[in-house]
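Heads up: the structure comes next, in structure tokens.
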Amino acid sequence: FGAYASISIEDFLAHRFLNWSESIPLTPPNVSDKDLCLFPESINGKYVVIHRLDPNICLDEIDSLPPTTPVNRCIELMGPRAGMWDDQKIGAACPPIRVAEGWLFMYHGVSRDKIYRLGAALLNDTGTEVLARTVAPILEPVLDWEKIGQIGNVVFSCGAVVREDTLFVYYGGADTAIGVATISLSKLMKILLPSL
């Protein structure tokens, strides 16, 4: 289930967190559609939504915010890769981040042995094509609090920010604790595009 709600910048900065708009469903009822996020800016006059219809990551476009109708298309972006760390299912980890080369998109992947890891992909300027994708995960459960908890062997992110050359990835470990991991953005981009 995915929903849209908004709050004004003024209310957010003034810590008036009770002033959120009423949430609007963005996924159709009775459909297993998860991991929904929006690109942080419009693309060609449309708002692009990333969502997951198992096991693939899909796109759809909406005309306005707030949206007037739920997503109803699966423009396939990428799917699981057989025999790899993300071979069972994948989903968005956070909204894409604008970079000089297009969009940096982090996603979670689940392996056959039920371990949740994070990977990264580079999307083109419109977000509709995968230009590169990490072969190995960029974050996986290795610490006790990531491996042992409510649901073990899980790192699962819902947010990231870039400050200068540092990418901060905020994530949950074992569905019990919250942490932050960092990586140099230029290093991650070199992993995705070695010619940089």
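In the structure tokens, the first chain shown is A, the next is B, and so on; residue numbers restart at 1 for each chain, and ligands run from 1 in the order shown.
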Check: Which parts of region 6-125 of chain A does DSSP call strand (DSSP E) when run on the backbone here, written out as a PyMOL selection string?
Finding: chain A and resi 24-25+33-38+47-53+56-62+75-78+89-92+97-99+102-110+116-123
For the interface of region 72-184 of chain A with region 34-45 of chain A (cut-off 10 Å, counting only C-alpha atoms), please tabulate each contacting residue of region 72-184 of chain A alongside its nearest pair of atoms and their separation in Å to one decimal, rows sorted by chain and increasing number, as JSON lines.
{"residue": "A:Ile90", "atom": "CA", "partner": "A:Asp35", "partner_atom": "CA", "distance": 9.2}
{"residue": "A:Gly91", "atom": "CA", "partner": "A:Asp35", "partner_atom": "CA", "distance": 5.7}
{"residue": "A:Ala92", "atom": "CA", "partner": "A:Asp35", "partner_atom": "CA", "distance": 5.4}
{"residue": "A:Ala93", "atom": "CA", "partner": "A:Asp35", "partner_atom": "CA", "distance": 7.4}
{"residue": "A:Cys94", "atom": "CA", "partner": "A:Cys37", "partner_atom": "CA", "distance": 6.8}
{"residue": "A:Pro95", "atom": "CA", "partner": "A:Cys37", "partner_atom": "CA", "distance": 5.5}
{"residue": "A:Pro96", "atom": "CA", "partner": "A:Phe39", "partner_atom": "CA", "distance": 5.8}
{"residue": "A:Ile97", "atom": "CA", "partner": "A:Pro40", "partner_atom": "CA", "distance": 7.7}
{"residue": "A:Arg98", "atom": "CA", "partner": "A:Pro40", "partner_atom": "CA", "distance": 8.4}
{"residue": "A:Trp103", "atom": "CA", "partner": "A:Phe39", "partner_atom": "CA", "distance": 9.2}
{"residue": "A:Phe105", "atom": "CA", "partner": "A:Phe39", "partner_atom": "CA", "distance": 9.8}
{"residue": "A:Tyr107", "atom": "CA", "partner": "A:Asp35", "partner_atom": "CA", "distance": 9.5}
{"residue": "A:His108", "atom": "CA", "partner": "A:Asp35", "partner_atom": "CA", "distance": 9.7}
{"residue": "A:Asp125", "atom": "CA", "partner": "A:Ile43", "partner_atom": "CA", "distance": 8.5}
{"residue": "A:Thr126", "atom": "CA", "partner": "A:Ile43", "partner_atom": "CA", "distance": 6.3}
{"residue": "A:Gly127", "atom": "CA", "partner": "A:Ile43", "partner_atom": "CA", "distance": 8.4}
{"residue": "A:Cys158", "atom": "CA", "partner": "A:Asp35", "partner_atom": "CA", "distance": 8.9}
Next item on the list: Find the residue from A:Tyr47, A:Gly119, A:Leu13, A:Glu101 that sits nearest to Ser64 (chain A); use only C-alpha atoms when measuring.
Entry: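 Among A:Tyr47, A:Gly119, A:Leu13, A:Glu101, it is A:Tyr47 that comes nearest to Ser64 (chain A).
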Next item on the list: Tell me which of A:Leu59, A:Val155, A:Ile115, A:Ala100 sits closest to Asp86 (chain A), counting only C-alpha atoms.
Entry: A:Ile115
Note to self: With only C-alpha atoms as the counted atoms, please give the residues lying no more than 12 Å from Asp144 (chain A), apart from itself and same-chain residues fewer than 4 positions off, as a PyMOL selection string.
What the structure shows: chain A and resi 140+148-149+152-155+173-174+176-177
Margin query: Let me make sure I understand: among A:Val161, A:Pro70, A:Ala121, A:Gly179, which one has the smallest atom-to-atom distance to Leu143 (chain A) if we use only C-alpha atoms?
Written below: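 Of A:Val161, A:Pro70, A:Ala121, A:Gly179, the one nearest Leu143 (chain A), counting only C-alpha atoms, is A:Gly179.
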Check: Which residue out of A:Ser23, A:Asn30, A:Gln88, A:Gln150 has the minimum interatomic distance to Thr68 (chain A) when only C-alpha atoms are used?
Finding: A:Ser23
Next item on the list: Find the distance between CA of Gly172 (chain A) and CA of Met84 (chain A) and write it in Å to one decimal.
Entry: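 Separation of CA of Gly172 (chain A) and CA of Met84 (chain A): 22.2 Å.
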Next item on the list: Could you please determine the separation between CA of Thr182 (chain A) and CA of Phe168 (chain A) in Å, to one decimal place?
Entry: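 Between CA of Thr182 (chain A) and CA of Phe168 (chain A) the gap is 4.7 Å.
You can rank A:Ala136, A:Ala3, A:Ile75, A:Ile178 by their closest distance to Phe156 (chain A) using only C-alpha atoms, and at the top of that list sits A:Ile178.
Omitting Asn72 (chain A) and its sequence neighbours fewer than 6 positions away, and counting only C-alpha atoms, the residues within 12 Å are A:Pro25, A:Leu26, A:Thr27, A:Pro28, A:Pro29, A:Val31, A:Asp33, A:Val49, A:Ile50, A:His51, A:Arg52, A:Leu53, A:Cys58, A:Leu59, A:Asp60, A:Glu61, A:Ile62.
From CA of Asp113 (chain A) back to CA of Arg81 (chain A), the distance works out to 14.3 Å.
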